[in-house]
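Participant: Quick one: structure below, then a few questions.
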Amino acid sequence: MSKAETASSKISPKTSPGEPATTPEEFIICVMARLLEGLGHVSVGALSPIPGCAALLAREVSGAGGRVSIIHGDANNPYTDGGREIFDCAGQGRIDAFFLGGAQIDGEANINLLGLGSYPKIDKRFPGSFGSAFMYFTVPKVILFAPEHSRRVLVERVDFISAPGTSPPGVRRPGGPKALVTGLCLMSFEAGKKRFRLQSVHPGHTLEEIRDNTGFDFDLPRGEGGGEGGAVPVTPEPEAEKLQMLRSTIAAEIAKTYPDFAARVFQPRA
Amino acid sequence: MEDLESLAARVPDGALLALAPEYSWVPMALIRALIRRRVKDLHLLTVPIGGLAADLLIGAGAVKTLESAAVSLGEAGPAPRFSEAVEGGALDMRDSTCPAIHTALQASEKGVDFMPLGGLVGSDLVDNRDDWKVVDDPLGQGGGPVVLLPAIKPDVTVFHSPRADTEGNVWIGRRRELVTMAHAAAATLVTVEAVEDRDFLDDEATAAGTLSGLYVTAIAVAEGGARPLGLTGHYERDTDYIRAYAEEAKTGDGFKRYLDREVFAETGDETETETGAETGTETGAGS
């Protein structure tokens with residue numbers, strides 16, 4: 001039995017008495033922030049308040065040096081050459097990490113931001129592909145995020161490929177998916193095998209639960225020495241000082257770009 | 001000086017109309033004037049994503065073809081009229097991706113017929129665009145296949161700005177997608193909060209953030225002309241108003257009520273009190 005299967009505590013407070021419990025959003029933000037520490041330039045795209053918080057938190061934790069750019073509005077937005085600049089910047093190799101969500105994400109890391117059904121006959125339309133078909137190719141560390149970990153989102157095969165997870169040899173592709181953060185677990189992606197590998201399960205959840213709620217097959221964590229079939233680690237709880245930072249400095253900062261999100265996630269306790 | 005209605009009369013039915021995203025000074029008063037003049041068969045281009053303005057035009061039946069990387073009301077959720085129109089097959093949809101739209105406009109800026117763009121290969125977007133073409137790197141630089149995008153030349157670009165000068169130049173600040181859109185378009189129509197008696201090009205500090213009158217076809221004063229969206233340094237996006245719209249416009253009947261109340265009841269003069277001017281927040285300095 002894996003560690004995750006024996007884990008008993010739900011995502012829950014490791015904070016001092018009186019401190020409110022960690023919310024699912026805060027937990028995911030802290031997981032994402034760990035993946036970003038030490039990077040030079042993290043850029044955040046449209047409709048991405050959770051990645052925005054993670055990027056700002058990682059910058060705060062690593063001290064000076066890291067850059068964060070958020071394209072909506074003027075706060076934390078260094079771009080002065082119009083809407084095209086973030087893409088030009090990625091094409092130049094000046095963005096180290098970026099985030100993409102997906103109404104659907106499949107086992108080969110293809111993502112669908114466009115809609116359900118057989119294109120162009122769309123049964124359920126989502127906003128559209130945004131810049132994914134370019135950023136997925138150009139940014140070295142793309143982190144996929146799916147707060148809702150379900151078979152609805154994590155599917156065997158996406159209905160529409162907004163952006164492909166891998167490309168055949170010969171296609172110029174310095175970038176691609178490196179990790180997937182969900183409400184239940186953290187996975188890594190191995191482009192050579194076109195497969196996700198489970199890295200850790202969030203506290204209170206089990207490997208069985210992950211399997212039940214994932215529409216694709218994935219590999220288990222490597223054991224000691226790098227072999228297959230290792231134990232499944234539990235994702236660490238947010239560190240108390242990071243949670244404190246998130247609820248004060250970062251909450252105020254992200255409110256400049258995403259006021260509704262900040263009010264919903266951070267303000268009830270203010 | 002033109003007014004909103006005369007500006008709206010300059011957008012012909014069937015025009016390829018370019019619109020910037022919600023944070024980039026959308027001329028909402030002009031959009032409402034276009035709906036009042038019952039513009040139709042538009043080929044709407046969002047540069048690169050659309051919001052409330054696109055949803056209103058689509059819901060009002062003014063759009064035949066939509067080229068876009070995404071349409072959304074941001075934190076207020078999905079754009080309801082857009083979603084229903086696409087699901088019902090009511091739009092000729094040309095799905096794109098953000099940098100493809102920017103790049104195709106840059107081709108028009110440079111006066112060339114197409115431009116290449118990296119990435120994209122393997123996306124279903126490419127398979128569904130018969131006007132895009134994947135070719136092997138023709139210069140043998142080792143880049144592999146690349147997508148060629150035809151130039152997009154809008155008939156009309158429209159936007160709102162805090163200020164124009166008496167020489168016909170328009171301040172755009174750092175909103176430089178507006179410059180690209182104007183360069184690429186045959187005509188550019190601008191609404192402004194005010195006209196200042198000076199020449200922005202006389203001062204280096206303002207010249208760099210100015211769209212030269214060379215590219216500007218006509219200007220009309222429309223105070224609060226971006227409301228209920230925001231205008232940098234002047235007023236904030238009215239999020240409560242847009243959330244209420246997202247709810248009301250979920251049904252066709254609700255949307256019709258909205259149009260009657262907020263668009264057709266408007267007289268077309270420059271005071272936009274119906275659209276949240278009283279609840280908007282003056283922020284003073286640019287934030």
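Naming works like this for the structure tokens: A, B, ... for the chains as they're shown, residue 1 at the start of each chain, ligands 1 onward in shown order.
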Near Ile172 in chain B, counting only C-alpha atoms, which residues have an atom at most 10 Å away, once you skip same-chain residues fewer than 5 positions from it, shown as a ChimeraX atom specification?
Facilitator: /B:24-25,159-164,177-179,206-212
Participant: Give the residues of chain A that lie within 8 Å of chain B; count only C-alpha atoms, and format the answer as a short mmCIF file (atom, residue, chain, number, x, y, z; two decimals) with C-alpha atoms, in the first residue's frame.
Facilitator:
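Dumped everything to selection25.cif:
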```
data_model
loop_
_atom_site.label_atom_id
_atom_site.label_comp_id
_atom_site.auth_asym_id
_atom_site.auth_seq_id
_atom_site.Cartn_x
_atom_site.Cartn_y
_atom_site.Cartn_z
CA LEU A 47 -7.95 34.09 -17.54
CA HIS A 72 -4.22 41.41 -18.57
CA GLY A 73 -4.35 45.02 -17.46
CA ASP A 74 -1.38 47.10 -16.40
CA ALA A 75 -0.37 45.55 -13.06
CA THR A 80 4.84 47.91 -24.10
CA ASP A 81 4.62 46.69 -27.68
CA GLY A 82 1.00 45.59 -27.80
CA GLY A 83 -0.72 42.24 -27.68
CA ARG A 84 1.82 40.56 -29.90
CA PHE A 87 4.24 35.85 -28.27
CA GLY A 91 9.43 33.07 -29.83
CA LYS A 121 -20.40 21.01 -35.14
CA ILE A 122 -19.70 22.04 -31.57
CA ASP A 123 -22.11 20.80 -28.89
CA LYS A 124 -20.60 22.82 -26.07
CA ARG A 125 -18.48 25.82 -26.98
CA PHE A 126 -15.70 27.18 -24.77
CA PRO A 127 -13.97 30.54 -25.39
CA GLY A 128 -11.35 29.30 -27.86
CA SER A 129 -7.74 28.27 -28.21
CA PHE A 130 -6.18 31.62 -27.18
CA GLY A 131 -2.40 31.57 -27.81
CA SER A 132 -1.95 27.91 -26.85
CA ALA A 133 -1.04 26.68 -30.34
CA PHE A 134 2.08 28.85 -30.21
CA MET A 135 3.04 29.07 -26.52
CA TYR A 136 3.00 25.25 -26.13
CA PHE A 137 5.72 25.05 -28.78
CA THR A 138 7.92 27.91 -27.64
CA PHE A 160 -10.31 19.04 -30.60
CA ILE A 161 -6.57 19.63 -30.43
CA SER A 162 -6.09 23.33 -29.68
CA ALA A 163 -2.41 22.54 -29.16
CA PRO A 164 -0.65 19.15 -29.43
CA SER A 167 5.42 16.95 -32.19
CA GLY A 170 11.69 17.80 -37.61
CA VAL A 171 9.15 20.21 -36.14
CA ARG A 172 10.93 23.02 -34.36
CA ARG A 173 9.70 22.79 -30.80
CA TYR A 258 -8.30 39.58 -10.94
CA ASP A 260 -13.31 38.91 -8.46
CA PHE A 261 -10.97 35.97 -7.85
#
```
Participant: From the set B:Gly225, B:Arg243, B:Gly213, B:Ala54, which residue has the shortest atom-to-atom contact distance to Glu193 in chain B, counting only C-alpha atoms?
Facilitator: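 Answer, going by the shortest atom-to-atom distance: B:Gly225.
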Participant: Work out how far apart CA of Val153 in chain A and CA of Pro174 in chain A are and give it in Å to one decimal.
Facilitator: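 Between CA of Val153 in chain A and CA of Pro174 in chain A the gap is 26.4 Å.
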Participant: At a cut-off of 12 Å, using only C-alpha atoms, what residues contact range 37-39 of chain A? Leave out same-chain residues fewer than 5 positions from it and give the result as a ChimeraX atom specification.
Facilitator: /A:30-32,54-68,94-98,140-141
Participant: Can you work out which one of A:Ser248, A:Val139, A:Gly215, A:Cys89 has the shortest atom-to-atom distance to Cys53 in chain A, counting only C-alpha atoms?
Facilitator: A:Ser248
Participant: Under the rule that only C-alpha atoms are counted, which of B:Arg32, B:Arg37, B:Arg257, B:His43 is the nearest residue to Thr157 in chain B?
Facilitator: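 Ranking B:Arg32, B:Arg37, B:Arg257, B:His43 by distance to Thr157 in chain B, first place goes to B:His43.
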Participant: CA of Ala240 in chain A and CA of Val201 in chain A, how far apart in Å?
Facilitator: 19.7 Å
